[in-house]
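Q: Handing over entry.txt, compact mmCIF, C-alpha atoms.
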```
# COMPACT_ATOMS: atom_id res chain seq x y z
CA MET W 615 75.79 -9.06 -20.49
CA THR W 616 74.12 -7.71 -23.59
CA GLU W 617 70.75 -7.25 -21.90
CA LYS W 618 70.49 -5.16 -18.76
CA PRO W 619 70.35 -7.32 -15.63
CA THR W 620 67.27 -7.44 -13.40
CA ILE W 621 67.99 -5.91 -9.99
CA ALA W 622 66.17 -6.85 -6.77
CA ILE W 623 66.45 -4.47 -3.84
CA LEU W 624 65.93 -6.63 -0.76
CA GLY W 625 64.59 -4.83 2.27
CA GLY W 626 64.10 -2.12 -0.33
CA THR W 627 61.17 -0.25 1.20
CA GLY W 628 63.36 2.24 3.11
CA LYS W 629 64.81 5.50 1.81
CA GLU W 630 68.05 4.05 0.39
CA GLY W 631 66.21 1.20 -1.36
CA ARG W 632 63.60 3.52 -2.85
CA GLY W 633 66.28 5.92 -4.06
CA LEU W 634 68.29 3.18 -5.79
CA ALA W 635 65.12 1.71 -7.33
CA LEU W 636 64.16 5.09 -8.81
CA ARG W 637 67.65 5.66 -10.25
CA TRP W 638 67.87 2.24 -11.91
CA ALA W 639 64.27 2.13 -13.16
CA SER W 640 64.62 5.58 -14.70
CA ASN W 641 67.77 4.34 -16.47
CA GLY W 642 66.06 1.37 -18.09
CA TYR W 643 66.75 -1.45 -15.63
CA GLN W 644 64.08 -3.93 -14.51
CA VAL W 645 63.80 -3.40 -10.75
CA ILE W 646 62.06 -5.48 -8.09
CA ILE W 647 61.44 -4.08 -4.61
CA GLY W 648 61.69 -6.87 -2.02
CA SER W 649 60.30 -6.89 1.50
CA ARG W 650 59.58 -9.47 4.16
CA GLN W 651 55.93 -8.58 3.58
CA GLU W 652 54.82 -8.86 -0.04
CA GLU W 653 52.07 -6.31 0.55
CA LYS W 654 54.55 -3.67 1.69
CA ALA W 655 56.77 -4.30 -1.34
CA LEU W 656 53.75 -3.95 -3.66
CA GLY W 657 52.76 -0.69 -1.96
CA VAL W 658 56.23 0.87 -2.34
CA ALA W 659 56.53 -0.33 -5.95
CA ASP W 660 53.19 1.33 -6.65
CA GLU W 661 54.35 4.59 -5.02
CA LEU W 662 57.59 4.63 -7.02
CA ASN W 663 55.79 3.85 -10.29
CA GLN W 664 53.57 6.86 -9.66
CA ILE W 665 56.69 9.05 -9.28
CA LEU W 666 58.11 7.60 -12.49
CA GLY W 667 54.78 7.92 -14.35
CA LYS W 668 55.18 4.34 -15.65
CA ASP W 669 54.76 0.82 -14.25
CA LEU W 670 58.45 -0.09 -14.24
CA ILE W 671 59.01 -1.50 -10.74
CA LEU W 672 57.66 -4.77 -9.33
CA GLY W 673 57.07 -5.63 -5.68
CA MET W 674 57.65 -9.10 -4.17
CA GLU W 675 58.46 -10.95 -0.96
CA ASN W 676 62.27 -10.87 -0.47
CA SER W 677 63.17 -14.47 -1.39
CA GLN W 678 60.90 -14.44 -4.44
CA ALA W 679 62.50 -11.15 -5.54
CA ALA W 680 65.99 -12.59 -5.02
CA SER W 681 65.32 -15.71 -7.07
CA GLN W 682 63.99 -13.66 -10.03
CA ALA W 683 66.87 -11.16 -10.08
CA ASP W 684 70.34 -11.32 -11.64
CA ILE W 685 71.84 -9.01 -9.03
CA ASN W 686 70.52 -8.36 -5.52
CA VAL W 687 71.08 -5.32 -3.37
CA LEU W 688 70.55 -5.54 0.41
CA THR W 689 69.39 -2.28 2.03
CA VAL W 690 68.01 -3.44 5.38
CA MET W 691 68.57 -1.68 8.71
CA ALA W 692 71.80 -2.72 10.42
CA SER W 693 69.87 -4.63 13.10
CA ALA W 694 68.14 -6.75 10.42
CA HIS W 695 71.36 -7.53 8.54
CA GLU W 696 72.28 -10.91 10.03
CA PRO W 697 68.77 -12.48 10.02
CA ALA W 698 68.16 -11.19 6.48
CA VAL W 699 71.40 -12.70 5.17
CA LYS W 700 70.70 -16.05 6.84
CA SER W 701 67.12 -16.26 5.59
CA LEU W 702 68.10 -15.43 1.99
CA LYS W 703 71.00 -17.88 1.65
CA ASP W 704 69.13 -20.34 -0.59
CA ALA W 705 67.51 -17.70 -2.78
CA LEU W 706 70.88 -15.99 -3.39
CA ARG W 707 72.81 -19.10 -4.47
CA GLY W 708 74.80 -18.45 -7.65
CA LYS W 709 74.09 -14.73 -7.59
CA ILE W 710 75.75 -11.46 -6.61
CA LEU W 711 74.65 -9.78 -3.38
CA VAL W 712 75.47 -6.09 -3.05
CA ASP W 713 75.60 -5.29 0.67
CA ALA W 714 74.95 -1.62 1.47
CA THR W 715 74.97 -2.09 5.25
CA ALA W 716 76.76 0.36 7.56
CA ARG W 717 76.48 -0.68 11.21
CA ILE W 718 76.32 2.70 12.85
CA LYS W 719 74.17 3.86 15.77
CA PHE W 720 72.46 7.24 15.84
CA PRO W 721 72.80 9.93 17.08
CA ASN W 722 76.50 9.49 18.03
CA PRO W 723 77.98 6.81 15.79
CA LYS W 724 81.44 5.31 16.26
CA PRO W 725 83.41 3.50 13.54
CA PRO W 726 82.45 -0.20 13.72
CA GLU W 727 85.18 -2.76 14.49
CA PRO W 728 86.38 -5.23 11.86
CA PRO W 729 85.22 -7.53 10.34
CA SER W 730 82.94 -5.57 8.02
CA ALA W 731 79.21 -6.35 7.69
CA ALA W 732 79.89 -7.48 4.11
CA ARG W 733 82.62 -9.87 5.31
CA LEU W 734 80.18 -11.32 7.87
CA ALA W 735 77.62 -11.78 5.07
CA GLN W 736 80.20 -13.49 2.84
CA ASP W 737 81.08 -15.84 5.73
CA VAL W 738 77.41 -16.79 6.24
CA LEU W 739 76.65 -17.18 2.52
CA GLY W 740 79.84 -18.94 1.40
CA TYR W 741 81.40 -18.46 -2.02
CA GLU W 742 78.33 -19.70 -3.89
CA VAL W 743 77.23 -16.11 -3.41
CA GLN W 744 79.51 -13.27 -4.47
CA VAL W 745 79.22 -10.44 -1.94
CA VAL W 746 80.06 -6.90 -3.01
CA ALA W 747 80.02 -3.93 -0.58
CA ALA W 748 78.78 -0.63 -2.02
CA PHE W 749 76.49 2.40 -1.47
CA GLN W 750 77.37 2.87 2.24
CA ASN W 751 78.16 6.52 1.60
CA ILE W 752 75.44 7.67 -0.80
CA PRO W 753 72.77 9.82 0.91
CA ALA W 754 69.27 8.45 0.25
CA SER W 755 67.93 11.97 -0.17
CA SER W 756 70.27 12.57 -3.12
CA LEU W 757 69.23 9.29 -4.77
CA GLN W 758 65.54 10.11 -4.44
CA ASP W 759 65.80 13.52 -6.09
CA LEU W 760 65.82 12.45 -9.76
CA LYS W 761 66.18 16.02 -10.99
CA LYS W 762 69.60 16.23 -9.33
CA ASP W 763 72.79 14.82 -10.81
CA LEU W 764 74.70 12.70 -8.32
CA ASP W 765 78.13 14.11 -7.51
CA SER W 766 79.11 11.54 -4.88
CA ASP W 767 81.24 8.54 -5.82
CA VAL W 768 80.69 4.90 -4.86
CA LEU W 769 83.51 2.86 -3.28
CA VAL W 770 83.23 -0.85 -4.09
CA CYS W 771 84.77 -3.79 -2.20
CA ALA W 772 84.65 -7.48 -3.14
CA ASP W 773 86.82 -10.57 -2.84
CA GLN W 774 86.15 -11.34 -6.52
CA ARG W 775 87.11 -8.49 -8.80
CA GLU W 776 84.79 -9.73 -11.56
CA ALA W 777 81.73 -9.37 -9.30
CA ALA W 778 82.90 -5.87 -8.34
CA ASP W 779 83.18 -4.99 -12.02
CA GLN W 780 79.62 -6.14 -12.75
CA VAL W 781 78.31 -4.06 -9.86
CA SER W 782 80.42 -1.08 -10.96
CA GLU W 783 78.66 -1.24 -14.32
CA LEU W 784 75.31 -1.03 -12.52
CA ILE W 785 76.54 1.91 -10.47
CA ARG W 786 77.51 3.77 -13.62
CA GLY W 787 74.09 2.80 -14.99
CA ALA W 788 72.54 4.69 -12.06
CA GLY W 789 74.60 7.80 -12.87
CA MET W 790 77.52 7.51 -10.43
CA ASN W 791 81.25 6.78 -10.60
CA ALA W 792 82.42 3.48 -9.09
CA TYR W 793 85.90 2.79 -7.68
CA TYR W 794 87.15 -0.66 -6.64
CA VAL W 795 89.09 -0.39 -3.37
CA GLY W 796 89.97 -3.96 -2.43
CA ASP W 797 88.49 -6.96 -0.66
CA LEU W 798 85.61 -7.16 1.82
CA ASP W 799 87.89 -6.45 4.80
CA MET W 800 88.23 -2.91 3.44
CA ALA W 801 84.47 -2.37 3.72
CA VAL W 802 84.68 -1.62 7.45
CA THR W 803 86.16 1.72 6.43
CA LEU W 804 83.16 2.37 4.16
CA GLU W 805 80.98 1.82 7.23
CA GLY W 806 83.18 4.20 9.23
CA ILE W 807 82.83 6.82 6.50
CA THR W 808 79.05 6.66 7.00
CA ALA W 809 79.67 7.74 10.61
CA VAL W 810 82.02 10.50 9.35
CA LEU W 811 79.21 11.75 7.08
CA VAL W 812 76.87 12.03 10.10
CA TYR W 813 79.35 14.37 11.80
CA LEU W 814 80.08 16.27 8.59
CA ASN W 815 76.37 17.15 8.46
CA LYS W 816 76.19 17.85 12.21
CA TYR W 817 79.24 20.07 12.71
CA ASN W 818 79.80 21.75 9.35
CA ASP W 819 77.79 24.00 7.08
CA ILE W 820 76.82 21.17 4.77
CA LYS W 821 73.78 18.95 4.10
CA HIS W 822 73.63 15.46 2.60
CA ALA W 823 77.43 15.21 2.84
CA SER W 824 79.18 12.59 0.77
CA ILE W 825 82.62 12.05 -0.73
CA LYS W 826 84.09 12.47 -4.16
CA ILE W 827 87.40 11.00 -5.28
CA VAL W 828 89.97 13.46 -6.57
CA GLY W 829 93.45 12.89 -7.96
CA SER W 830 95.50 13.37 -11.09
CA MET Y 1254 95.48 34.63 17.71
CA THR Y 1255 96.35 37.85 15.98
CA GLU Y 1256 99.86 36.73 15.04
CA LYS Y 1257 100.32 33.55 13.07
CA PRO Y 1258 101.36 30.63 15.28
CA THR Y 1259 104.74 28.92 14.98
CA ILE Y 1260 104.38 25.37 13.73
CA ALA Y 1261 106.84 22.56 14.48
CA ILE Y 1262 106.69 19.46 12.30
CA LEU Y 1263 108.06 16.65 14.45
CA GLY Y 1264 109.59 13.78 12.57
CA GLY Y 1265 109.19 16.22 9.73
CA THR Y 1266 112.00 15.06 7.43
CA GLY Y 1267 109.80 12.67 5.43
CA LYS Y 1268 107.63 13.49 2.42
CA GLU Y 1269 104.49 14.47 4.34
CA GLY Y 1270 106.42 16.69 6.76
CA ARG Y 1271 108.34 18.41 3.98
CA GLY Y 1272 105.14 19.01 2.03
CA LEU Y 1273 103.33 20.57 4.99
CA ALA Y 1274 106.40 22.71 5.85
CA LEU Y 1275 106.51 24.09 2.30
CA ARG Y 1276 102.79 24.90 2.27
CA TRP Y 1277 102.86 26.73 5.61
CA ALA Y 1278 106.15 28.55 5.06
CA SER Y 1279 104.99 29.78 1.65
CA ASN Y 1280 101.84 31.10 3.33
CA GLY Y 1281 103.69 33.17 5.93
CA TYR Y 1282 103.91 30.82 8.91
CA GLN Y 1283 107.09 30.32 10.94
CA VAL Y 1284 107.91 26.62 10.51
CA ILE Y 1285 110.40 24.41 12.38
CA ILE Y 1286 111.36 21.00 11.04
CA GLY Y 1287 112.02 18.60 13.92
CA SER Y 1288 113.96 15.35 13.84
CA ARG Y 1289 115.52 13.02 16.38
CA GLN Y 1290 118.84 14.12 14.85
CA GLU Y 1291 119.34 17.88 14.78
CA GLU Y 1292 121.70 17.57 11.82
CA LYS Y 1293 119.05 15.86 9.70
CA ALA Y 1294 116.49 18.55 10.59
CA LEU Y 1295 118.97 21.28 9.62
CA GLY Y 1296 119.70 19.54 6.32
CA VAL Y 1297 116.01 19.26 5.36
CA ALA Y 1298 115.31 22.86 6.45
CA ASP Y 1299 118.15 23.96 4.20
CA GLU Y 1300 116.78 21.96 1.26
CA LEU Y 1301 113.29 23.40 1.70
CA ASN Y 1302 114.61 26.97 2.02
CA GLN Y 1303 116.38 26.51 -1.30
CA ILE Y 1304 113.06 25.46 -2.90
CA LEU Y 1305 111.38 28.51 -1.36
CA GLY Y 1306 114.25 30.83 -2.32
CA LYS Y 1307 114.22 32.29 1.22
CA ASP Y 1308 115.44 31.22 4.67
CA LEU Y 1309 111.99 30.69 6.20
CA ILE Y 1310 112.27 27.25 7.84
CA LEU Y 1311 114.34 26.30 10.87
CA GLY Y 1312 115.70 22.85 11.77
CA MET Y 1313 115.94 21.51 15.35
CA GLU Y 1314 115.97 18.35 17.43
CA ASN Y 1315 112.34 17.24 18.03
CA SER Y 1316 111.90 18.26 21.67
CA GLN Y 1317 113.58 21.62 21.14
CA ALA Y 1318 111.32 22.23 18.14
CA ALA Y 1319 108.23 21.23 20.18
CA SER Y 1320 109.05 23.58 23.04
CA GLN Y 1321 109.50 26.57 20.68
CA ALA Y 1322 106.29 25.99 18.71
CA ASP Y 1323 102.68 26.97 19.40
CA ILE Y 1324 101.30 24.01 17.48
CA ASN Y 1325 103.07 20.72 16.75
CA VAL Y 1326 102.39 18.29 13.94
CA LEU Y 1327 103.60 14.70 14.21
CA THR Y 1328 104.48 13.06 10.88
CA VAL Y 1329 106.58 10.07 11.91
CA MET Y 1330 106.32 6.59 10.39
CA ALA Y 1331 103.63 4.45 12.04
CA SER Y 1332 106.27 2.25 13.69
CA ALA Y 1333 107.83 5.32 15.38
CA HIS Y 1334 104.52 6.69 16.62
CA GLU Y 1335 104.42 5.29 20.15
CA PRO Y 1336 108.07 6.00 21.10
CA ALA Y 1337 107.87 9.50 19.61
CA VAL Y 1338 104.72 10.35 21.59
CA LYS Y 1339 106.23 9.03 24.83
CA SER Y 1340 109.53 10.86 24.39
CA LEU Y 1341 107.84 14.19 23.59
CA LYS Y 1342 105.36 14.21 26.48
CA ASP Y 1343 107.19 16.89 28.51
CA ALA Y 1344 107.97 19.14 25.55
CA LEU Y 1345 104.32 19.07 24.41
CA ARG Y 1346 102.75 20.02 27.76
CA GLY Y 1347 100.16 22.80 27.34
CA LYS Y 1348 100.26 22.61 23.55
CA ILE Y 1349 98.30 21.15 20.66
CA LEU Y 1350 99.64 18.04 18.94
CA VAL Y 1351 98.31 17.33 15.46
CA ASP Y 1352 98.69 13.60 14.84
CA ALA Y 1353 98.88 12.68 11.14
CA THR Y 1354 99.58 8.98 11.74
CA ALA Y 1355 97.84 6.26 9.72
CA ARG Y 1356 98.89 2.77 10.84
CA ILE Y 1357 98.79 0.95 7.54
CA LYS Y 1358 101.17 -1.65 6.15
CA PHE Y 1359 102.31 -1.67 2.55
CA PRO Y 1360 101.77 -3.11 -0.02
CA ASN Y 1361 98.41 -4.59 1.07
CA PRO Y 1362 97.01 -2.47 3.88
CA LYS Y 1363 93.97 -3.38 5.96
CA PRO Y 1364 91.89 -0.92 7.98
CA PRO Y 1365 93.44 -0.68 11.47
CA GLU Y 1366 91.34 -1.71 14.48
CA PRO Y 1367 90.11 0.84 17.03
CA PRO Y 1368 91.36 2.68 19.04
CA SER Y 1369 92.86 5.21 16.62
CA ALA Y 1370 96.54 6.19 16.76
CA ALA Y 1371 95.47 9.67 17.85
CA ARG Y 1372 93.38 8.20 20.70
CA LEU Y 1373 96.43 6.18 21.82
CA ALA Y 1374 98.53 9.37 21.72
CA GLN Y 1375 95.92 11.26 23.79
CA ASP Y 1376 95.92 8.42 26.34
CA VAL Y 1377 99.72 8.59 26.67
CA LEU Y 1378 99.90 12.40 26.79
CA GLY Y 1379 96.89 13.10 29.03
CA TYR Y 1380 94.71 16.17 28.68
CA GLU Y 1381 97.57 18.60 29.31
CA VAL Y 1382 98.15 18.06 25.61
CA GLN Y 1383 95.29 18.54 23.16
CA VAL Y 1384 95.56 15.93 20.42
CA VAL Y 1385 93.99 16.61 17.03
CA ALA Y 1386 93.96 14.04 14.20
CA ALA Y 1387 94.39 15.44 10.67
CA PHE Y 1388 96.23 15.06 7.32
CA GLN Y 1389 95.93 11.23 7.15
CA ASN Y 1390 94.47 11.49 3.66
CA ILE Y 1391 96.53 14.20 1.97
CA PRO Y 1392 99.06 12.81 -0.52
CA ALA Y 1393 102.57 14.11 0.21
CA SER Y 1394 103.24 14.52 -3.50
CA SER Y 1395 100.37 17.00 -3.81
CA LEU Y 1396 101.61 19.01 -0.83
CA GLN Y 1397 105.14 19.23 -2.24
CA ASP Y 1398 104.06 20.58 -5.62
CA LEU Y 1399 103.58 24.24 -4.72
CA LYS Y 1400 102.45 25.16 -8.22
CA LYS Y 1401 99.39 22.96 -7.78
CA ASP Y 1402 96.25 24.01 -5.92
CA LEU Y 1403 95.16 21.40 -3.40
CA ASP Y 1404 91.73 19.97 -4.17
CA SER Y 1405 91.64 17.40 -1.37
CA ASP Y 1406 89.90 18.17 1.92
CA VAL Y 1407 91.17 17.55 5.45
CA LEU Y 1408 89.03 15.67 7.98
CA VAL Y 1409 89.76 16.76 11.55
CA CYS Y 1410 89.05 14.86 14.79
CA ALA Y 1411 89.60 16.03 18.38
CA ASP Y 1412 88.03 15.60 21.79
CA GLN Y 1413 88.18 19.39 22.31
CA ARG Y 1414 86.40 21.28 19.56
CA GLU Y 1415 88.38 24.46 20.29
CA ALA Y 1416 91.68 22.70 19.50
CA ALA Y 1417 90.16 21.33 16.29
CA ASP Y 1418 89.11 24.85 15.33
CA GLN Y 1419 92.64 26.22 15.84
CA VAL Y 1420 94.06 23.46 13.66
CA SER Y 1421 91.34 23.99 11.04
CA GLU Y 1422 92.51 27.60 10.77
CA LEU Y 1423 96.05 26.35 10.08
CA ILE Y 1424 94.73 23.93 7.47
CA ARG Y 1425 92.96 26.76 5.68
CA GLY Y 1426 96.20 28.72 6.01
CA ALA Y 1427 97.89 25.97 4.00
CA GLY Y 1428 95.27 26.22 1.25
CA MET Y 1429 92.90 23.37 2.11
CA ASN Y 1430 89.36 22.98 3.46
CA ALA Y 1431 89.01 21.54 6.97
CA TYR Y 1432 85.97 19.64 8.29
CA TYR Y 1433 85.48 18.65 11.94
CA VAL Y 1434 84.11 15.08 12.13
CA GLY Y 1435 83.99 14.25 15.83
CA ASP Y 1436 86.20 12.94 18.61
CA LEU Y 1437 89.46 10.98 18.41
CA ASP Y 1438 87.63 7.64 18.21
CA MET Y 1439 86.50 8.68 14.73
CA ALA Y 1440 90.12 8.98 13.58
CA VAL Y 1441 90.44 5.23 13.00
CA THR Y 1442 88.28 5.78 9.93
CA LEU Y 1443 90.71 8.45 8.69
CA GLU Y 1444 93.44 5.79 8.99
CA GLY Y 1445 91.25 3.33 7.09
CA ILE Y 1446 90.71 5.90 4.35
CA THR Y 1447 94.49 6.03 3.89
CA ALA Y 1448 94.33 2.31 3.06
CA VAL Y 1449 91.40 2.98 0.70
CA LEU Y 1450 93.55 5.58 -1.09
CA VAL Y 1451 96.28 2.97 -1.65
CA TYR Y 1452 93.78 0.74 -3.48
CA LEU Y 1453 92.23 3.66 -5.35
CA ASN Y 1454 95.66 4.32 -6.84
CA LYS Y 1455 96.35 0.63 -7.41
CA TYR Y 1456 93.11 -0.50 -9.07
CA ASN Y 1457 91.76 2.60 -10.76
CA ASP Y 1458 92.94 5.00 -13.41
CA ILE Y 1459 93.94 7.63 -10.87
CA LYS Y 1460 97.14 8.93 -9.22
CA HIS Y 1461 97.59 10.66 -5.86
CA ALA Y 1462 93.99 9.81 -4.96
CA SER Y 1463 92.36 11.75 -2.18
CA ILE Y 1464 88.86 12.70 -1.12
CA LYS Y 1465 86.77 15.82 -1.42
CA ILE Y 1466 83.59 16.49 0.55
CA VAL Y 1467 80.47 17.18 -1.49
CA GLY Y 1468 76.95 18.05 -0.38
CA SER Y 1469 74.37 20.77 -0.61
```
Step by step, read the file and then write its structure as structure tokens.
A:
Amino acid sequence: MTEKPTIAILGGTGKEGRGLALRWASNGYQVIIGSRQEEKALGVADELNQILGKDLILGMENSQAASQADINVLTVMASAHEPAVKSLKDALRGKILVDATARIKFPNPKPPEPPSAARLAQDVLGYEVQVVAAFQNIPASSLQDLKKDLDSDVLVCADQREAADQVSELIRGAGMNAYYVGDLDMAVTLEGITAVLVYLNKYNDIKHASIKIVGS
Amino acid sequence: MTEKPTIAILGGTGKEGRGLALRWASNGYQVIIGSRQEEKALGVADELNQILGKDLILGMENSQAASQADINVLTVMASAHEPAVKSLKDALRGKILVDATARIKFPNPKPPEPPSAARLAQDVLGYEVQVVAAFQNIPASSLQDLKKDLDSDVLVCADQREAADQVSELIRGAGMNAYYVGDLDMAVTLEGITAVLVYLNKYNDIKHASIKIVGS
């Protein structure tokens, strides 16, 4: 792509969605906040534009947002994951869906069993949609604080490497490192890491815990 | 403990066991390498003592090593995990067992299903043994290179926090950070991370990948 893709954040009115929207909009991407209720999407877009000091973000009903975007990111609550995926099947045809879902229950999460949420989404959507798992382990609070550089890394899973590479470019465009770690079956571990982060914050002298990849 | 505990590394003749033995022995701990075959344990102890330039490490048959140690670390291959745990039940009574097992299959690992290997060990051993999961995500090659500081962090799971704290002290004694992340059910995610590390090395421009905890 020579031009930057348009990104829709579906179910994007929560903390994670807002944080990603701010990061991409402030890095020159066209961003659409999607919600089941158009009015709510418009309200959040307005709020975020005030933070940015410019009218950069649009608000739309989810399926309208999906059909206007090149790449879609799903940031709904875990309980809304299955109905959201089913209802957006037509609007997502031919596109990439980035699934940020981690199915963990507060306050005492356990690692979810396989298959991963992203694998379940891929099964529902079929291969006309390319599902990519990412962002499970990025604290929303860190995303929302635009003055702060992001030091956490994003692990990316997808059955099609090419879709993972496109999403990895977007991740770098939001100021983070992206690492491809295999197919959608691997994403259940990304969900488990979200539970690990809950306990890292609870039991250790650390806030907004996340992970960074090290090596040589 | 005012005196440093004696550590036995059971099934400790492989890369991970050797690496841990070197780190602890070079930091002043009494270390025993255990193996099903006493001769093999003696041979590896001899090899490691030559690297250290001092006779610091002993070699013994596994159950003898376990009964002489304060804290035991199990570093067998995944396929040997269940028989090793069963055969060491008596020797481990009243002690802590650190289980480093990650049940992944090369070359294309998948995240293992719950329950974790450490949970299975705790079930076999009963609560007369305190099982702690740790070291799943520390590359053996990094441990073995004593000239290199370790920049990867150790995630620790246990049902009894006090056992986790004792093991965390040992981990710091080997030059690494330790973070408690909940009970033994959580350890299946540590096993999954081992699979993630395989793909990090395979698909990205990185060697000996591991994770570091970041936050504020």
Q: Give me the residues near Pro1368 of chain Y as a list in words, where near means some atom within 12 Å (using only C-alpha atoms) and where sequence neighbours in that chain fewer than 6 positions away do not count.
A: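 Once the adjacent positions are removed, what remains is Lys724, Pro725, Pro726, Glu727 and Pro728 of chain W; Ala1355, Arg1356, Ala1374, Gln1375, Asp1376, Asp1436, Leu1437, Asp1438, Met1439, Ala1440, Val1441, Thr1442, Leu1443, Glu1444 and Gly1445 of chain Y.
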Q: For a test of reading the model, state the distance in Å between atom CA of Gly1426 of chain Y and atom CA of Trp1277 of chain Y, rounded to one decimal.
A: 7.0 Å
Q: Pick out the chain W residues within 8 Å of chain Y. Count all atoms listed in the file. Give them as a PyMOL selection string.
A: chain W and resi 724-725+727-728+765-766+793-796+799-800+802-803+806-807+810-811+813-814+817-818+820-830
Q: Using all atoms listed in the file, which protein or nucleic acid residues come within 6 Å of segment 706-710 of chain W? Drop anything in the same chain fewer than 4 positions from it, and give the result as a list in words.
A: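 In the requested form, the answer reads Ile685, Glu742, Val743, Gln744 and Val745 of chain W.
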Q: Tell me, in Å to one decimal, how far atom CA of Leu1378 of chain Y is from atom CA of Ala1322 of chain Y.
A: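 If I compute the distance from atom CA of Leu1378 of chain Y to atom CA of Ala1322 of chain Y, I get 17.1 Å.
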Q: By how many Å are atom CA of Ala635 of chain W and atom CA of Leu662 of chain W apart?
A: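 Interatomic distance here is 8.1 Å.
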Q: Find, counting all atoms listed in the file, the residue in Y:Ala1386, Y:Ile1285, Y:Leu1275, Y:Leu1341 that gets nearest to Asp1412 of chain Y.
A: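 Distance minimum relative to Asp1412 of chain Y lands on Y:Ala1386.
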Q: When you look at segment 689-694 of chain W with a cut-off of 6 Å (counting all atoms listed in the file), what residues show up, excluding the ones that are within fewer than 2 positions of it in the same chain? I need them as a list in words.
A: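 Using all atoms listed in the file, the neighbours found are Gly625, Gly626, Gly631, Glu696, Pro697, Ala698, Ala714 and Arg717 of chain W.
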Q: Quick one: of Y:Leu1273, Y:Leu1263, Y:Leu1305, Y:Ala1344, who's nearest to Lys1293 of chain Y, counting only C-alpha atoms?
A: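 Answer, going by the shortest atom-to-atom distance: Y:Leu1263.
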Q: How would you write as a PyMOL selection string the residues that get within 10 Å of (69.1, 4.3, -13.7) in the file's frame, counting all atoms listed in the file?
A: chain W and resi 634-645+760+784-790
